[in-house]
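Pasting target_31.txt here (compact mmCIF, C-alpha atoms):
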```
# COMPACT_ATOMS: atom_id res chain seq x y z
CA MET A 1 121.08 52.12 149.54
CA ILE A 2 120.63 49.62 152.24
CA ARG A 3 120.29 46.01 151.01
CA GLY A 4 118.26 43.46 152.91
CA GLY A 5 119.70 40.11 154.11
CA ILE A 6 123.24 38.99 155.02
CA SER A 7 126.24 39.09 152.71
CA PHE A 8 127.59 35.75 151.33
CA SER A 9 130.91 35.89 153.16
CA PHE A 10 129.35 36.64 156.50
CA ALA A 11 126.83 33.81 156.06
CA ASP A 12 129.65 31.41 155.33
CA ALA A 13 131.43 32.50 158.47
CA LEU A 14 128.29 32.10 160.53
CA ILE A 15 127.67 28.58 159.20
CA LEU A 16 131.27 27.62 159.83
CA GLY A 17 131.14 28.94 163.37
CA CYS A 18 127.98 26.98 164.12
CA ALA A 19 129.52 23.84 162.68
CA LEU A 20 132.64 24.22 164.80
CA LEU A 21 130.57 24.79 167.93
CA THR A 22 128.41 21.75 167.17
CA PHE A 23 131.49 19.59 166.57
CA ALA A 24 133.01 20.87 169.82
CA LEU A 25 129.89 19.92 171.75
CA ALA A 26 129.91 16.46 170.20
CA ALA A 27 133.58 16.00 170.96
CA THR A 28 133.02 17.01 174.57
CA ALA A 29 130.11 14.61 174.93
CA GLN A 30 132.15 11.78 173.40
CA ARG A 31 135.17 12.40 175.63
CA HIS A 32 133.08 12.46 178.78
CA GLY A 33 130.98 9.42 177.99
CA GLY A 34 127.55 10.91 177.30
CA GLY A 35 125.38 13.61 175.81
CA ILE A 36 124.09 16.89 177.25
CA THR A 37 121.77 16.41 180.20
CA GLY A 38 119.87 18.52 182.71
CA GLY A 39 117.35 20.56 180.77
CA GLY A 40 118.44 20.56 177.14
CA LEU A 41 118.74 23.95 175.37
CA SER A 42 117.81 27.23 177.05
CA GLY A 43 115.85 29.96 175.42
CA ASN A 44 118.93 31.78 174.08
CA GLY A 45 120.01 28.67 172.16
CA ARG A 46 122.92 27.63 174.40
CA PRO A 47 123.19 24.38 176.38
CA THR A 48 122.04 24.83 179.94
CA GLY A 49 124.99 24.99 182.34
CA VAL A 50 127.66 24.70 179.61
CA LYS A 51 129.85 27.67 178.78
CA GLU A 52 130.84 28.09 175.17
CA ASP A 53 134.46 28.90 176.02
CA ASP A 54 134.72 25.71 178.14
CA THR A 55 133.35 23.66 175.26
CA LEU A 56 135.83 25.08 172.79
CA LYS A 57 138.63 24.58 175.31
CA ASP A 58 137.77 20.87 175.60
CA PHE A 59 137.60 20.64 171.84
CA HIS A 60 141.04 22.14 171.35
CA GLN A 61 142.50 19.92 174.08
CA ALA A 62 141.06 16.83 172.41
CA MET A 63 142.53 17.86 169.08
CA ALA A 64 145.93 18.61 170.64
CA VAL A 65 146.38 15.11 172.10
CA GLN A 66 144.84 13.19 169.20
CA ALA A 67 147.20 10.55 167.83
CA THR A 68 148.68 10.62 164.35
CA SER A 69 148.36 7.58 162.10
CA GLN A 70 151.95 6.61 162.92
CA GLN A 71 151.28 6.90 166.64
CA THR A 72 148.20 4.73 166.24
CA ALA A 73 150.31 1.99 164.66
CA GLU A 74 152.96 2.33 167.39
CA PHE A 75 150.33 2.15 170.11
CA GLN A 76 148.82 -0.99 168.63
CA ALA A 77 152.30 -2.57 168.52
CA ALA A 78 152.91 -1.58 172.15
CA THR A 79 149.64 -3.06 173.42
CA LYS A 80 150.22 -6.18 171.37
CA SER A 81 153.53 -6.66 173.23
CA THR A 82 151.67 -6.32 176.52
CA GLU A 83 149.13 -8.89 175.39
CA GLU A 84 151.98 -11.27 174.57
CA ALA A 85 153.36 -10.73 178.08
CA LYS A 86 149.94 -11.64 179.49
CA THR A 87 149.98 -14.79 177.36
CA GLN A 88 153.42 -15.84 178.58
CA LEU A 89 152.47 -15.14 182.21
CA GLN A 90 149.40 -17.31 181.80
CA LEU A 91 151.56 -20.17 180.53
CA PHE A 92 153.96 -19.62 183.42
CA LEU A 93 151.08 -19.84 185.91
CA GLU A 94 149.90 -23.06 184.30
CA HIS A 95 153.22 -24.65 185.22
CA LEU A 96 153.07 -23.29 188.76
CA HIS A 97 149.63 -24.78 189.30
CA LYS A 98 151.04 -28.14 188.23
CA GLY A 99 153.53 -27.91 191.11
CA ASN A 100 156.62 -27.46 188.93
CA ILE A 101 158.68 -24.53 190.26
CA ALA A 102 162.14 -25.42 188.96
CA ALA A 103 163.30 -22.35 187.08
CA GLU A 104 165.03 -24.34 184.37
CA SER A 105 161.89 -26.36 183.62
CA LEU A 106 159.57 -23.36 183.53
CA HIS A 107 161.38 -21.76 180.61
CA ARG A 108 160.93 -18.27 181.97
CA GLU A 109 162.93 -16.67 179.17
CA PRO A 110 159.83 -16.04 177.03
CA LEU A 111 158.09 -14.33 179.97
CA ASP A 112 161.11 -12.16 180.82
CA ARG A 113 161.50 -11.19 177.18
CA ALA A 114 157.80 -10.42 176.76
CA LEU A 115 157.73 -8.21 179.88
CA GLU A 116 160.78 -6.31 178.68
CA ASN A 117 159.22 -5.80 175.24
CA ALA A 118 155.98 -4.55 176.80
CA ARG A 119 157.68 -1.98 179.00
CA SER A 120 160.17 -0.80 176.39
CA GLY A 121 157.44 -0.63 173.72
CA ASP A 122 155.37 1.67 175.91
CA LYS A 123 158.32 3.94 176.63
CA LYS A 124 159.18 4.14 172.93
CA PHE A 125 155.58 5.08 172.13
CA GLN A 126 155.54 7.93 174.66
CA GLN A 127 158.89 9.26 173.45
CA GLY A 128 157.17 10.30 170.22
CA PHE A 129 154.70 12.63 171.95
CA SER A 130 154.53 16.24 170.81
CA PRO A 131 154.89 19.01 173.47
CA ALA A 132 151.11 19.48 173.39
CA GLN A 133 150.54 15.77 173.93
CA LYS A 134 153.02 15.64 176.80
CA SER A 135 151.19 18.51 178.46
CA GLY A 136 147.66 17.29 177.80
CA LEU A 137 148.38 13.67 178.76
CA ARG A 138 150.50 14.44 181.83
CA ASP A 139 148.12 12.98 184.40
CA ILE A 140 147.38 9.69 182.63
CA ALA A 141 151.08 9.35 181.75
CA LYS A 142 151.91 9.61 185.47
CA ARG A 143 149.46 6.84 186.29
CA LEU A 144 150.96 4.68 183.56
CA ALA A 145 154.49 5.38 184.86
CA LYS A 146 153.36 4.31 188.34
CA ALA A 147 151.91 1.09 186.89
CA ASP A 148 155.19 0.49 185.03
CA SER A 149 157.18 0.93 188.25
CA ASP A 150 154.86 -1.45 190.13
CA LEU A 151 155.24 -4.00 187.34
CA GLU A 152 159.03 -3.80 187.54
CA GLN A 153 158.97 -4.29 191.32
CA GLU A 154 156.67 -7.32 191.12
CA GLU A 155 158.90 -8.89 188.47
CA LYS A 156 161.94 -8.44 190.73
CA LYS A 157 160.08 -10.03 193.66
CA LEU A 158 159.21 -13.05 191.53
CA ASP A 159 162.82 -13.37 190.36
CA GLN A 160 164.02 -13.28 193.97
CA SER A 161 161.53 -15.97 195.00
CA LEU A 162 162.75 -18.28 192.25
CA LEU A 163 166.39 -17.68 193.04
CA LEU A 164 165.82 -18.53 196.71
CA MET A 165 163.80 -21.62 195.74
CA VAL A 166 161.05 -20.78 198.24
CA ALA A 167 157.86 -22.80 198.67
CA SER A 168 155.69 -23.22 195.61
CA SER A 169 152.79 -21.41 197.32
CA GLU A 170 154.92 -18.28 197.74
CA VAL A 171 156.10 -18.42 194.12
CA ALA A 172 152.50 -18.74 193.00
CA ALA A 173 151.52 -15.75 195.15
CA ARG A 174 154.31 -13.67 193.60
CA ALA A 175 153.22 -14.68 190.13
CA GLU A 176 149.62 -13.74 190.89
CA SER A 177 150.78 -10.33 192.13
CA LEU A 178 152.77 -9.89 188.95
CA GLY A 179 149.62 -10.72 187.00
CA LYS A 180 147.64 -8.00 188.81
CA ALA A 181 150.41 -5.47 188.15
CA LEU A 182 150.52 -6.44 184.48
CA THR A 183 146.73 -6.09 184.19
CA ASP A 184 146.87 -2.62 185.75
CA PHE A 185 149.70 -1.65 183.38
CA TYR A 186 147.62 -2.86 180.42
CA ASN A 187 144.52 -1.01 181.60
CA GLN A 188 146.49 2.21 181.99
CA GLN A 189 147.80 1.76 178.46
CA LEU A 190 144.24 1.42 177.19
CA ALA A 191 143.21 4.52 179.14
CA LEU A 192 146.02 6.46 177.50
CA GLY A 193 144.89 5.23 174.11
CA ARG A 194 141.32 6.32 174.77
CA GLU A 195 142.53 9.82 175.61
CA MET A 196 144.26 9.88 172.22
CA SER A 197 141.18 8.45 170.43
CA ILE A 198 142.97 5.38 169.08
CA THR A 199 141.69 2.31 170.90
CA LEU A 200 138.01 1.91 170.23
CA ALA A 201 136.95 -0.04 167.15
CA ASN A 202 134.63 1.49 164.58
CA GLY A 203 132.49 -0.28 162.02
CA GLN A 204 134.28 1.61 159.24
CA ASP A 205 137.75 0.41 160.30
CA LEU A 206 139.72 -1.50 157.67
CA ALA A 207 141.37 -3.73 160.29
CA PHE A 208 140.33 -5.25 163.63
CA THR A 209 142.39 -6.88 166.38
CA LEU A 210 140.56 -9.81 167.92
CA PRO A 211 140.58 -10.32 171.70
CA LEU A 212 142.95 -12.94 173.05
CA ALA A 213 141.21 -16.29 173.54
CA SER A 214 142.57 -19.11 175.69
CA HIS A 215 140.76 -22.31 176.53
CA PRO A 216 142.30 -25.36 178.21
CA VAL A 217 142.80 -28.47 176.08
CA SER A 218 142.94 -31.99 177.51
CA ILE A 219 145.53 -34.34 175.97
CA ALA A 220 146.28 -37.71 177.54
CA LYS A 221 144.61 -36.56 180.79
CA GLN A 222 146.83 -33.46 180.95
CA THR A 223 145.61 -29.89 180.56
CA ILE A 224 147.39 -27.71 178.00
CA ALA A 225 146.91 -23.96 177.53
CA VAL A 226 146.67 -22.74 173.93
CA PRO A 227 146.31 -18.93 173.68
CA VAL A 228 144.93 -17.74 170.34
CA SER A 229 145.28 -14.22 168.93
CA GLY A 230 143.79 -12.92 165.71
CA GLU A 231 143.40 -10.10 163.22
CA LEU A 232 141.00 -9.07 160.45
CA ALA A 233 142.11 -6.97 157.46
CA GLN A 234 139.77 -5.75 154.73
CA ILE A 235 140.77 -6.87 151.23
CA ALA A 236 137.68 -5.93 149.19
CA ALA A 237 134.40 -4.02 149.40
CA GLN A 238 131.45 -3.87 147.05
CA GLY A 239 128.18 -2.18 147.82
CA GLY A 240 127.17 -3.07 151.34
CA GLN A 241 129.38 -6.18 151.51
CA ARG A 242 132.97 -6.28 152.77
CA THR A 243 135.57 -9.06 152.56
CA PHE A 244 138.20 -9.51 155.25
CA LYS A 245 141.31 -11.66 155.47
CA LEU A 246 141.33 -13.65 158.72
CA GLN A 247 144.49 -14.62 160.60
CA LEU A 248 144.46 -16.69 163.79
CA THR A 249 147.67 -17.62 165.61
CA ALA A 250 147.73 -20.51 168.10
CA ASN A 251 150.63 -20.36 170.56
CA LEU A 252 151.85 -23.94 171.16
CA THR A 253 154.49 -23.13 173.79
CA ASP A 254 152.76 -25.12 176.52
CA LEU A 255 152.48 -28.13 174.20
CA GLN A 256 156.22 -27.87 173.47
CA GLN A 257 157.09 -27.82 177.16
CA ASN A 258 154.93 -30.85 177.96
CA ILE A 259 155.44 -32.93 174.81
CA THR A 260 157.77 -35.52 176.39
CA GLU A 261 155.35 -36.46 179.17
CA LEU A 262 152.35 -36.38 176.83
CA LEU A 263 153.97 -38.84 174.44
CA ARG A 264 155.25 -41.07 177.26
CA THR A 265 151.70 -41.42 178.56
CA GLN A 266 150.45 -42.50 175.13
CA LEU A 267 153.38 -44.48 173.73
CA ASP A 268 155.31 -46.17 176.55
CA THR A 269 154.57 -49.91 176.59
CA SER A 270 155.95 -52.89 178.44
CA ASP A 271 154.54 -56.06 176.84
CA ASN A 272 155.93 -59.35 178.11
CA CYS A 273 155.51 -60.92 174.69
CA GLY A 274 155.98 -58.13 172.18
CA GLN A 275 157.35 -54.59 171.89
CA ARG A 276 158.57 -52.54 174.82
CA ILE A 277 158.83 -48.84 174.11
CA ALA A 278 160.18 -46.08 176.35
CA ILE A 279 160.29 -42.42 175.25
CA HIS A 280 163.48 -40.89 176.64
CA GLN A 281 163.01 -37.38 175.27
CA ALA A 282 160.79 -35.51 172.84
CA THR A 283 161.30 -32.02 171.43
CA LEU A 284 158.82 -30.07 169.33
CA ALA A 285 160.19 -27.14 167.36
CA PRO A 286 159.34 -24.98 164.33
CA SER A 287 160.76 -25.79 160.92
CA THR A 288 158.76 -23.28 158.89
CA PRO A 289 156.32 -23.99 157.29
CA ASN A 290 156.28 -27.28 159.24
CA GLY A 291 156.72 -28.45 162.78
CA LEU A 292 159.48 -30.91 163.68
CA LEU A 293 159.13 -33.55 166.39
CA VAL A 294 162.34 -35.33 167.42
CA LEU A 295 162.02 -38.49 169.52
CA LYS A 296 164.71 -40.36 171.39
CA LEU A 297 163.41 -43.77 172.40
CA HIS A 298 164.39 -47.19 173.68
CA TYR A 299 163.12 -50.31 171.92
CA GLU A 300 162.96 -53.96 172.99
CA ARG A 301 161.42 -56.95 171.24
CA TRP A 302 160.42 -59.94 173.34
CA THR A 303 158.96 -63.34 172.45
CA CYS A 304 157.24 -65.91 174.67
CA SER A 305 157.27 -69.69 174.54
CA GLN A 306 155.69 -72.52 176.51
CA MET A 307 157.91 -75.23 177.93
CA PHE A 308 156.73 -77.92 180.32
CA GLY A 309 153.59 -75.87 180.96
CA LYS A 310 155.54 -72.80 181.92
CA GLN A 311 155.79 -69.56 179.88
CA THR A 312 159.19 -68.02 179.39
CA SER A 313 160.13 -64.67 177.85
CA ASN A 314 163.15 -64.15 175.64
CA GLU A 315 164.56 -60.88 174.36
CA LEU A 316 165.09 -60.84 170.60
CA ALA A 317 166.35 -57.29 170.10
CA GLU A 318 167.18 -54.16 172.05
CA GLY A 319 168.43 -50.71 171.08
CA ASP A 320 168.14 -46.95 171.27
CA GLY A 321 167.13 -44.82 168.34
CA LEU A 322 166.21 -41.36 167.15
CA VAL A 323 163.43 -40.41 164.75
CA GLU A 324 162.35 -37.13 163.21
CA ILE A 325 158.68 -36.58 162.39
CA LYS A 326 157.69 -33.72 160.10
CA LEU A 327 154.30 -32.22 160.95
CA THR A 328 152.34 -30.39 158.26
CA GLY A 329 149.18 -28.35 158.69
CA SER A 330 146.49 -28.17 156.03
CA VAL A 331 142.80 -27.40 155.60
CA GLU A 332 140.38 -29.78 153.96
CA LYS A 333 136.91 -28.89 152.76
CA PRO A 334 134.74 -27.68 154.35
CA GLY A 335 137.28 -25.76 156.44
CA THR A 336 138.52 -28.73 158.50
CA LEU A 337 141.97 -28.47 160.05
CA ARG A 338 144.28 -31.45 159.48
CA ILE A 339 147.76 -32.33 160.77
CA THR A 340 149.78 -34.97 158.93
CA ALA A 341 152.96 -36.65 160.16
CA ALA A 342 155.77 -38.12 158.03
CA PHE A 343 159.13 -39.59 159.02
CA GLY A 344 162.28 -37.71 158.20
CA ARG A 345 165.59 -39.04 159.52
CA ILE A 346 165.57 -42.42 161.31
CA ASP A 347 168.63 -43.45 163.29
CA ALA A 348 167.96 -47.09 164.21
CA THR A 349 169.09 -50.57 163.21
CA GLY A 350 167.76 -54.11 163.04
CA MET A 351 164.27 -54.91 164.26
CA MET A 352 163.84 -51.40 165.60
CA ALA A 353 164.47 -49.81 162.21
CA GLU A 354 162.10 -52.29 160.56
CA ALA A 355 159.36 -51.62 163.14
CA LEU A 356 159.72 -47.89 162.59
CA ARG A 357 159.78 -47.91 158.80
CA SER A 358 157.13 -50.49 158.04
CA GLY A 359 155.69 -51.85 161.26
CA SER A 360 153.04 -50.86 163.77
CA LEU A 361 155.54 -48.89 165.85
CA GLY A 362 156.16 -46.32 163.13
CA GLU A 363 152.46 -46.00 162.33
CA ASN A 364 151.59 -45.54 166.00
CA LEU A 365 154.26 -42.88 166.50
CA ARG A 366 153.01 -40.84 163.54
CA ASN A 367 149.35 -41.14 164.52
CA VAL A 368 149.89 -40.15 168.16
CA ALA A 369 152.14 -37.23 167.23
CA ALA A 370 149.68 -35.87 164.65
CA GLN A 371 146.65 -36.29 166.91
CA SER A 372 148.32 -34.64 169.91
CA VAL A 373 149.24 -31.54 167.92
CA LEU A 374 145.85 -31.48 166.18
CA THR A 375 143.99 -31.59 169.49
CA ALA A 376 145.90 -28.54 170.69
CA ALA A 377 145.66 -26.65 167.39
CA GLN A 378 141.92 -27.23 166.96
CA THR A 379 141.33 -24.60 169.62
CA ALA A 380 142.22 -21.95 167.05
CA SER A 381 139.89 -23.37 164.39
CA ASP A 382 136.88 -23.33 166.72
CA PHE A 383 135.29 -20.06 165.66
CA LYS A 384 132.82 -20.16 168.55
CA THR A 385 135.69 -19.51 170.96
CA THR A 386 138.06 -17.45 168.82
CA LEU A 387 135.72 -15.05 166.98
CA PRO A 388 133.13 -12.54 168.20
CA PRO A 389 129.52 -13.70 167.69
CA ALA A 390 128.95 -11.18 164.87
CA VAL A 391 131.27 -13.03 162.48
CA GLN A 392 131.35 -16.62 163.75
CA ASN A 393 129.09 -17.92 160.99
CA SER A 394 130.74 -15.87 158.23
CA ALA A 395 134.31 -17.16 158.46
CA VAL A 396 135.85 -19.84 156.25
CA LEU A 397 139.20 -21.48 157.04
CA GLN A 398 141.51 -21.77 154.01
CA SER A 399 145.09 -22.66 155.04
CA ALA A 400 147.31 -23.64 157.96
CA ARG A 401 151.06 -23.60 158.47
CA PHE A 402 153.52 -23.69 161.34
CA GLN A 403 155.86 -20.78 161.97
CA ASP A 404 158.64 -19.65 164.29
CA THR A 405 157.92 -16.49 166.28
CA GLY A 406 161.37 -16.35 167.85
CA ALA A 407 163.42 -18.32 170.40
CA GLY A 408 162.08 -21.58 168.99
CA THR A 409 158.46 -20.83 169.90
CA LEU A 410 156.11 -22.88 167.74
CA THR A 411 152.86 -21.34 166.52
CA LEU A 412 150.26 -22.46 164.03
CA LEU A 413 149.01 -19.74 161.67
CA LEU A 414 145.49 -20.25 160.34
CA GLU A 415 144.33 -18.07 157.48
CA GLY A 416 140.87 -17.67 156.06
CA GLN A 417 138.31 -15.21 154.83
CA LEU A 418 134.98 -13.79 155.85
CA GLU A 419 132.34 -11.68 154.14
CA ILE A 420 130.12 -9.42 156.23
CA SER A 421 127.73 -6.56 155.70
CA ASN A 422 128.24 -3.02 156.94
CA GLU A 423 125.70 -3.75 159.68
CA GLN A 424 127.70 -6.81 160.79
CA ALA A 425 130.86 -4.69 160.86
CA ASP A 426 129.15 -2.22 163.18
CA THR A 427 128.04 -5.06 165.45
CA LEU A 428 131.57 -6.53 165.37
CA ALA A 429 133.04 -3.19 166.46
CA ASN A 430 130.55 -2.94 169.34
CA GLN A 431 131.38 -6.46 170.52
CA LEU A 432 135.12 -5.78 170.39
CA ASN A 433 134.63 -2.59 172.40
CA GLN A 434 132.55 -4.45 174.96
CA ALA A 435 135.32 -7.04 175.31
CA LEU A 436 137.83 -4.23 175.79
CA SER A 437 135.68 -2.59 178.45
CA ALA A 438 135.22 -5.92 180.23
CA GLN A 439 138.98 -6.08 180.81
CA GLY A 440 138.63 -3.18 183.19
CA THR A 441 138.56 0.59 182.71
CA PRO A 442 140.69 2.68 185.08
CA PRO A 443 138.91 5.72 186.59
CA ARG A 444 139.53 9.06 184.95
```
Would you put the structure from the file into structure tokens?
Amino acid sequence: MIRGGISFSFADALILGCALLTFALAATAQRHGGGITGGGLSGNGRPTGVKEDDTLKDFHQAMAVQATSQQTAEFQAATKSTEEAKTQLQLFLEHLHKGNIAAESLHREPLDRALENARSGDKKFQQGFSPAQKSGLRDIAKRLAKADSDLEQEEKKLDQSLLLMVASSEVAARAESLGKALTDFYNQQLALGREMSITLANGQDLAFTLPLASHPVSIAKQTIAVPVSGELAQIAAQGGQRTFKLQLTANLTDLQQNITELLRTQLDTSDNCGQRIAIHQATLAPSTPNGLLVLKLHYERWTCSQMFGKQTSNELAEGDGLVEIKLTGSVEKPGTLRITAAFGRIDATGMMAEALRSGSLGENLRNVAAQSVLTAAQTASDFKTTLPPAVQNSAVLQSARFQDTGAGTLTLLLEGQLEISNEQADTLANQLNQALSAQGTPPR
């Protein structure tokens, strides 16, 4: 007896086959940047001009090179190292534009170290590729290797220029070329990530990396660069609302390198009838969770008197001293960043010690130190420059502390929280992807 209809097992197989074909078509469209065009579906139910075996081939290739969760984490670490190298190069260029090309004063060690970490991090990431990934990603890997080689050559050219102490214009040109090579290297990294489906943000992600923000800050008529990086990590979700932990890190390297001159401009005085202050040296370093400012200064106290209608000046005291100022970050309601300064060790005697501990000199030193650091650090707390528009009005700052990120580099870590809807998360992801695309997309 012949039964009408299709058996259960065959129907399941048919449904599964259709689902796989549909998924393959979607994957192909996603990988090539668009949907099916040129006439839609033909009468036999197949896409016009698209062969089914080609579609399935693309699908299998996409699956073969797709990154594992561990590779995703390693890729994010590798690109973060490259972003740090871009930050350090930017700080290096700031010094060049100020006309200071002495290698010892540029503190190039952070740049050299960051470039090495970026290149080695990328190589380590690619060493973990499976045979299928090595085969499927061969072309983009070659382009990335070429960018790595170009980056190495430009770094060597810059090193040679500095060793030969050539003209500042030539050093600047070499640094600009290095910047272009580093940007190309970064773009090729991003292209590799896109091939492995691990770079674009999605509204359902539990964590987001914020784009690097850097805006110049003016302190005592000098311009300081303060790069700010950030991350969002989901800590709770209820219904359509999601809560994220916010972390923003302000890199204060440029402030550290310019702190002596900044304080001299604001503190050096030469009164005929009063205090004369000269800052010999200032160092700003991390002392987690605080910052530590150490000042070496010269102090003189003068008095004036009138005799026979003529004013004369007499020195009452003179000496050199050293003071330590502990800087502490905090957040006051409603989310206002504050930096406080307190004396630690004071090596001084006589009138100088008295002026530091209880006089106007000590108060002025603390106020200027706190305000200088606050002006630089406030860049990170300005959500209009550090956060994408989708979440600028949803973030609340909660705490601030200084930290050491290695080699004495001082950073200020700001932590907070934001609550957004699922719709805002989708918008956030789109804005992050737009920022990523704006950095430049290498041709396929």
**Prompt:** From the list A:Leu190, A:Ala282, A:Leu93, A:Met196, which residue is nearest Ser177 (chain A) when using all atoms listed in the file?
**Reply:**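 Among the listed residues, the smallest separation from Ser177 (chain A) belongs to A:Leu93.
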**Contacts of Thr253 (chain A) at 9 Å (all atoms listed in the file; same-chain gap of 4+ positions) as a PyMOL selection string** = chain A and resi 88+91+225-226+257-258+409-411
Selection: 9 Å around Thr336 (chain A), all atoms listed in the file, excl. self and same-chain fewer than 5 positions, as a PDB file with C-alpha atoms, in the frame of the given file:
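Once written, result.pdb looks like this:
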```pdb
ATOM      1  CA  SER A 330     146.490 -28.170 156.030  1.00  0.00           C
ATOM      2  CA  VAL A 331     142.800 -27.400 155.600  1.00  0.00           C
ATOM      3  CA  SER A 381     139.890 -23.370 164.390  1.00  0.00           C
ATOM      4  CA  LEU A 397     139.200 -21.480 157.040  1.00  0.00           C
ATOM      5  CA  GLN A 398     141.510 -21.770 154.010  1.00  0.00           C
TER       6      GLN A 398
END
```
**Item:** Shell around Phe129 (chain A) at 9 Å using all atoms listed in the file, local window under 4 positions removed, as an MDAnalysis selection string
**Value:** chainID A and resid 65 67 71 125 133:134
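Each of A:Ser161, A:Ser169, A:Gln188, A:Gly128 was checked against Thr79 (chain A) using all atoms listed in the file; the smallest atom-to-atom distance is that of A:Gln188.
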